[in-house]
Every structure is written in C-alpha cells, then in structure tokens.
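*Asks:* Take this structure first; my questions come after.
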Amino acid sequence: MGGSRRRRAFVPAAALALAAALIATTGFRPPSAAAPAFPSAAPGAMDDVAAAQMAARVKTEFLHAWHGYERDAWGHDELRPLSRTPCDWYGQSLDMTPVDALDTLVLMGLHTEADKDRQLIDRTLSFDKDVSVKVFEVTIRLLGGLLSGYELTHDPRLLALAEDLGTRLLPAFDSPTGLPYRFVNLRTGQVRGVDSNPAETGTLILEFGTLSRLTGKPVFMEKAKRALVETFRRRSPIGLVGDGLDVVTGKWTDAGSHISGGIDSYYEYQVKCRLLFGDPDCGRMWRASVVAINTYLADEEHGQLWYGHADMDTGQRTATTYSALAAYFPAVLALSGDVARAERLQASSFRMWNLYGIEPEVLDYRTMTVKSPAYHLRPEIVESTYYLYHFTRDPKYRAMGRTMFDDFVKYCRTPAAYASLRSVITKQQMDEMPSYVFAETFKYFYLLFSPPSTLDFDKVIFNTEAHPLLRHLPAALRMASRNPS
Ligand code: DMJ
C-alpha cells in the first residue's frame with residue numbers, strides 16, 4: 001500500500017472487472033470437477049427454473065425473518081423470535097443483526113431494505129461504549145460486515161466505523177506473546193480473558209488484513225498475522241494444536257485437538273489468507289496443518305469419512321464426535337483443492353442431518369447417537385453444500401440443499417421469524433435467532449440456488465461469518481513477513 005490511503009470499493013458488476021485484474025495466482029492445487037466419491041443423490045436434480053424458484057423461496061423466507069426483526073427488535077443486536085423481544089449482547093446495541101445482514105440484503109437485491117439498514121448503521125452505530133466485547137465475535141460479525149458492506153456500497157461511513165472499531169480492538173494484542181486477550185473494553189482498552197483458543201487467536205487476519213488494505217495502515221495486518229503465526233508455532237511435534245491456549249504464558253491449557261468449535265476457523269483462515277492476500281506463509285501453515293489433521297483427526301467408520309478428536313501430543317483418539325460446527329470443513333478442503341475428500345465428508349455431514357431431519361450440535365459418529373441435541377440455525381453444512389456445488393456443478397448438491405432448506409423451514413420457522421431448536425429429536429424451539437442466520441445461513445442457501453453471476457465466487461473470499469471480501473494481489477499489501485516454520 002506504500003502508506004497511501006486507499007479506499008477502493010465495489011458494486012457487484014464493477015467488482016468483477018476490478019477483481020479480474022487483481023486475482024493472484026495462488027499456488028494452491030486447483031479444485032477439479034473430478035468424479036464424485038459417493039453416489040449421486042440424483043433424484044430431484046434441479047433445472048435452472050427450479051433453482052430460481054428455490055432462490056426466490058429463500059429470499060421470501062429471509063424477508064419473513066427480517067421483517068420480524070424490523071418489527072420487534074429494530075436497532076438491537078438480535079431478535080428473540082418466540083417472545084418477540086429484542087436482545088443486546090452487552091446491554092446496549094452494537095447493531096449485530098443490521099451489520100451482519102447488510103451484505104445479504106445487497107446480494108439479494110433488496111435495495112430498499114439495504115438502504116434503510118445502512119442508514120440505521122450510519123446514524124446509530126457507535127463504538128464509543130464502556131463495554132467489554134469478545135474480540136473474535138466482534139471481529140467476524142462487525143468488522144467483517146462493515147468491510148464487506150463498504151466494498152459493496154461505497155458508503156464511507158462504514159469504512160470509518162470499521163477503522164474506529166479496529167483501532168479500539170488493537171489493545172487486545174498487547175500481551176507478552178502477541179496472542180490476543182479474549183475481551184477488550186471498547187472505550188478504555190482494558191483487556192481480560194487470558195485462557196483463549198486457536199479459533200479466537202487465529203481468526204482475525206482476513207478482517208484486519210482487509211482493514212490494512214483499505215486504510216493504508218499496516219498495523220492491523222501485522223498484529224493479526226503475528227497472532228496467527230504465534231498460534232501455529234505452538235503446534236505439537238506431530239503438528240496438531242489444542243483447544244486451550246494461555247495468551248500470557250503461551251502454554252497450552254487443553255491438549256484436545258479437533259477441527260470443531262474452538263479451533264475450526266483457525267484452519268479456515270490459513271487457507272483463506274493465502275487466497276485473499278496471496279500470503280505464502282499462510283499457505284505453508286495450511287499445508288503443514290492439513291497433513292496432521294488428515295493423519296490424526298480423520299477417521300473411517302462404516303466406510304464413511306469423519307473427523308474426530310485426538311490428543312495433540314500423542315495423536316491418540318480421545319472422542320469420536322463430529323459437530324454441526326465441523327461441517328464447514330468440506331468447504332475448506334474443497335477450497336484448498338481436495339474436492340474428493342470434501343465430498344466424502346459432506347456425505348457424512350448430510351447423514352448427520354438426515355438422522356433426525358435436521359442436524360444436532362454434536363453426534364458420536366461411531367454409535368450414531370446424539371451428544372448435544374440443539375440446532376442453533378447453523379450455516380456450516382449449507383456453506384459446504386454451496387462450495388461443493390460451485391466446484392463440481394453436481395446437481396446433487398442443489399438437491400441436498402433443497403432437502404435442508406425444506407427441513408429448516410419446517411422446523412425452525414415461527415410466526416415472527418426463525419428460531420433455533422432446543423432439540424432436533426423433539427423439535428422444540430428456543431427463543432434465539434443468532435445474527436449469523438442473516439449473514440450466513442440464508443446467504444449460503446440463496447447463493448446455492450442463484451445463478452453464479454449473483455456473486456463471482458472466484459473474486460471474493462468469505463470471512464468465517466460469510467462476509468465476502470474482495471481478493472487482491474499480494475503486492476497490494478505490505479505483509480508482516482514471518483517464517484512460520
Ligand atoms: C458463526 O459465527 C461463524 O461461522 C463462526 O465461525 C462459527 N460459529 C457461527 C455459526 O455457527
């Protein structure tokens with residue numbers, strides 16, 4: 001960036017032309033449309049007309065939930081869909097749902113709603129608040145949403161808000177290791193939360209790196225990259241990470257290794273950082289990580305591929321559980337070029353979904369018994385379905401998505417909006433509608449059924465909250481250069 005201030009933005013059409021000139025050669029193995037690794041679910045394969053009808057249905061249902069939020073919780077973080085009451089994470093609103101939903105509104109062509117939403121954010125969102133926020137959540141939802149919103153709408157206020165937020169989060173990195181504390185007070189900069197995990201220390205680089213690119217201030221990227229590298233260099237001799245890490249001592253507090261919540265997006269960001277910024281260090285980290293993951297965490301059960309838990313030092317299996325959160329991994333495998341393995345794992349995720357007609361939070365894949373029965377409107381399995389449809393164009397993935405969407409509507413729709421399930425076995429609903437249902441779940445369903453021209457997959461990288469960030473040449477950013485190995 002050469003220190004110059006650079007405020008580049010895009011609207012979908014302009015983005016294509018701009019990004020076409022900027023796409024980096026990644027060096028990743030290009031995903032191939034190789035023969036699927038499991039039999040096609042061809043029945044019900046969808047033609048373009050049927051797909052367009054599905055996209056329209058998704059939009060209608062999105063609007064049902066959005067109007068519920070507008071009616072009963074406008075300006076608050078989230079709607080409680082059963083009691084129809086608003087909820088704010090920290091006692092005062094940070095506009096979680098408005099920011100998370102903005103780019104989905106734009107992509108769905110809901111311009112009136114998008115403008116109203118953007119004006120609310122412009123008018124009311126302020127980070128000058130005496131609240132101690134979770135760095136990870138605020139980064140992926142708010143920083144990610146503001147940055148993608150800015151790139152889609154050109155509204156300079158969104159970038160100003162993103163820069164203000166990023167600046168207020170910086171004290172989190174002032175630990176002896178450079179690993180971020182979990183919480184920071186937005187007004188005072190006071191930090192707390194020493195016992196963290198790889199997902200929270202290693203899922204910042206897409207948002208902070210993009211902020212550096214857009215503001216010309218390298219500090220954001222430097223801090224986030226150091227946090228990622230410091231996490232990676234603490235991997236065990238067999239290449240695994242645990243799920244508890246002390247940011248002051250740099251020592252592991254929990255040696256449990258897996259690809260699920262607490263670690264998940266640390267791996268996702270290694271792959272995506274390579275693709276978004278062309279950073280070769282991230283590529284090296286991923287290549288080392290995936291060998292260990294496939295050696296010690298991958299598991300075969302009844303001829304199916306799953307990923308379980310193991311001790312990070314010995315590699316010994318500690319649990320045969322797979323989660324709704326882990327269902328992002330086929331997307332990451334496919335994005336890194338391993339479509340065959342991605343397809344096998346996606347088939348397993350879909351088995352988990354079909355056990356009770358909607359996926360539980362945690363399943364023991366050896367006994368096929370539910371270990372945690374809730375469904376929190378999670379997007380990960382839909383995200384992987386979208387990625388696999390993109391890479392294979394196999395209609396079975398749209399058919400899979402239709403099954404999931406039918407179940408999602410059948411069990412989670414409420415008169416006011418959409419609700420999580422307390423149990424996928426009883427289908428009892430609970431009074432919760434996380435903001436990511438607007439950022440991710442509806443978006444991935446919509447993109448799965450929409451024509452590819454809706455959003456050019458190759459021109460963007462989705463952050464872990466499904467906010468699309470424009471890809472750039474490596475030279476467009478001064479990277480903090482550290483050798484992770
Ligand atoms: C989202 O906030 C993000 O996808 C995060 O990476 C994991 N959890 C939720 C959705 O399940």
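Residue names in the structure tokens use chain letters A, B, ... in the order shown, residue numbers from 1 in each chain, and ligand numbers from 1 in the order shown.
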How would you write, as a VMD selection string, the set of residues no farther than 7 Å from ligand 1 when counting only C-alpha atoms and all ligand atoms?
*Replies:* chain A and resid 137 261 265 325 378 to 380 436 464 to 465
*Asks:* Env of range 296-305 of chain A: 12 Å cut, atoms = only C-alpha atoms, seq-sep filter 6 positions within chain, self excluded. Answer as a ChimeraX atom specification.
*Replies:* /A:37-38,238-241,256-260,289-290,311-322,326,329-330,340-352,364-368
*Asks:* Looking at only C-alpha atoms, which of A:Thr188, A:Ser435, A:Thr231, A:Thr167 is the one that sits closest to Val219 in chain A?
*Replies:*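 Under the stated criterion, the closest residue is A:Thr167.
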*Asks:* When distances are computed from only C-alpha atoms, which of A:Ala51, A:Val332, A:Leu152, A:Val229 shows the smallest separation from Met285 in chain A?
*Replies:* A:Val229
*Asks:* Identify, with DSSP run on backbone atoms, the residues in range 216-270 of chain A assigned to strand (DSSP E), and express the list as a VMD selection string.
*Replies:* chain A and resid 244 to 246 252 to 254 256 to 257
*Asks:* The selected residues should be written to file as a short mmCIF file (atom, residue, chain, number, x, y, z; two decimals), in the first residue's frame (atoms: N, CA and C atoms).
*Replies:*
```
data_model
loop_
_atom_site.label_atom_id
_atom_site.label_comp_id
_atom_site.auth_asym_id
_atom_site.auth_seq_id
_atom_site.Cartn_x
_atom_site.Cartn_y
_atom_site.Cartn_z
N GLY A 244 -7.10 -25.08 24.13
CA GLY A 244 -6.97 -24.07 25.18
C GLY A 244 -5.56 -23.52 25.16
N LEU A 245 -5.42 -22.20 25.11
CA LEU A 245 -4.10 -21.57 24.96
C LEU A 245 -4.06 -20.31 25.82
N ASP A 246 -3.06 -20.24 26.71
CA ASP A 246 -2.91 -19.08 27.59
C ASP A 246 -2.14 -17.98 26.84
N TRP A 252 -0.19 -24.30 26.35
CA TRP A 252 -1.50 -24.92 26.12
C TRP A 252 -2.16 -25.23 27.46
N THR A 253 -3.46 -24.98 27.54
CA THR A 253 -4.21 -25.31 28.75
C THR A 253 -5.15 -26.48 28.49
N ASP A 254 -5.30 -26.87 27.25
CA ASP A 254 -6.14 -28.02 26.91
C ASP A 254 -5.53 -28.67 25.66
N GLY A 256 -6.72 -31.07 23.89
CA GLY A 256 -7.70 -31.71 22.99
C GLY A 256 -7.62 -31.10 21.59
N SER A 257 -7.47 -31.95 20.59
CA SER A 257 -7.35 -31.46 19.22
C SER A 257 -8.50 -31.96 18.36
#
```
*Asks:* Just to confirm, what's the straight-line distance from CA of Ser423 in chain A to CA of Thr403 in chain A in Å (one decimal)?
*Replies:*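 Going from CA of Ser423 in chain A over to CA of Thr403 in chain A covers 19.0 Å.
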*Asks:* As a PyMOL selection string, which residues of range 62-290 of chain A does DSSP assign to helix (DSSP H, G or I)?
*Replies:* chain A and resi 62-73+96-107+111-124+135-153+156-173+198-201+205-215+219-232+264-277+280-290
*Asks:* Write out as a ChimeraX atom specification each polymer residue whose atoms come within 8 Å of Val247 in chain A, counting only C-alpha atoms; drop sequence neighbours fewer than 3 positions from it.
*Replies:* /A:175-181,194-196,250-251
*Asks:* Next, the residues of the selection above should be written as a PDB file, in the first residue's frame with N, CA and C atoms.
*Replies:*
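Resulting contents of result-v2.pdb:
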```pdb
ATOM      1  N   SER A 175      -0.347  -8.464  24.561  1.00  0.00           N
ATOM      2  CA  SER A 175       0.027  -9.484  25.543  1.00  0.00           C
ATOM      3  C   SER A 175       1.510  -9.790  25.348  1.00  0.00           C
ATOM      4  N   PRO A 176       2.128 -10.472  26.309  1.00  0.00           N
ATOM      5  CA  PRO A 176       3.566 -10.779  26.144  1.00  0.00           C
ATOM      6  C   PRO A 176       3.847 -11.638  24.912  1.00  0.00           C
ATOM      7  N   THR A 177       2.865 -12.387  24.443  1.00  0.00           N
ATOM      8  CA  THR A 177       3.087 -13.291  23.297  1.00  0.00           C
ATOM      9  C   THR A 177       2.625 -12.711  21.965  1.00  0.00           C
ATOM     10  N   GLY A 178       1.795 -11.671  22.025  1.00  0.00           N
ATOM     11  CA  GLY A 178       1.151 -11.174  20.804  1.00  0.00           C
ATOM     12  C   GLY A 178      -0.145 -11.900  20.507  1.00  0.00           C
ATOM     13  N   LEU A 179      -0.431 -12.947  21.296  1.00  0.00           N
ATOM     14  CA  LEU A 179      -1.742 -13.620  21.164  1.00  0.00           C
ATOM     15  C   LEU A 179      -2.782 -12.732  21.832  1.00  0.00           C
ATOM     16  N   PRO A 180      -3.924 -12.506  21.196  1.00  0.00           N
ATOM     17  CA  PRO A 180      -4.869 -11.525  21.753  1.00  0.00           C
ATOM     18  C   PRO A 180      -5.616 -12.021  22.994  1.00  0.00           C
ATOM     19  N   TYR A 181      -5.818 -11.108  23.925  1.00  0.00           N
ATOM     20  CA  TYR A 181      -6.752 -11.364  25.023  1.00  0.00           C
ATOM     21  C   TYR A 181      -8.138 -11.539  24.416  1.00  0.00           C
ATOM     22  N   VAL A 194      -7.567 -14.489  29.586  1.00  0.00           N
ATOM     23  CA  VAL A 194      -6.234 -14.998  29.279  1.00  0.00           C
ATOM     24  C   VAL A 194      -6.312 -16.383  28.640  1.00  0.00           C
ATOM     25  N   ASP A 195      -7.304 -17.166  29.046  1.00  0.00           N
ATOM     26  CA  ASP A 195      -7.407 -18.543  28.539  1.00  0.00           C
ATOM     27  C   ASP A 195      -8.201 -18.545  27.234  1.00  0.00           C
ATOM     28  N   SER A 196      -7.489 -18.592  26.124  1.00  0.00           N
ATOM     29  CA  SER A 196      -8.132 -18.490  24.812  1.00  0.00           C
ATOM     30  C   SER A 196      -7.996 -19.817  24.053  1.00  0.00           C
ATOM     31  N   GLY A 250       1.673 -18.390  26.820  1.00  0.00           N
ATOM     32  CA  GLY A 250       1.824 -19.084  25.543  1.00  0.00           C
ATOM     33  C   GLY A 250       1.750 -20.596  25.674  1.00  0.00           C
ATOM     34  N   LYS A 251       1.354 -21.080  26.841  1.00  0.00           N
ATOM     35  CA  LYS A 251       1.271 -22.541  27.073  1.00  0.00           C
ATOM     36  C   LYS A 251      -0.140 -23.042  26.781  1.00  0.00           C
TER      37      LYS A 251
END
```
*Asks:* When distances are computed from only C-alpha atoms, which of A:Asp394, A:Asn463, A:Glu359, A:Val370 shows the smallest separation from Tyr411 in chain A?
*Replies:*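 Counting only C-alpha atoms, the residue closest to Tyr411 in chain A is A:Glu359.
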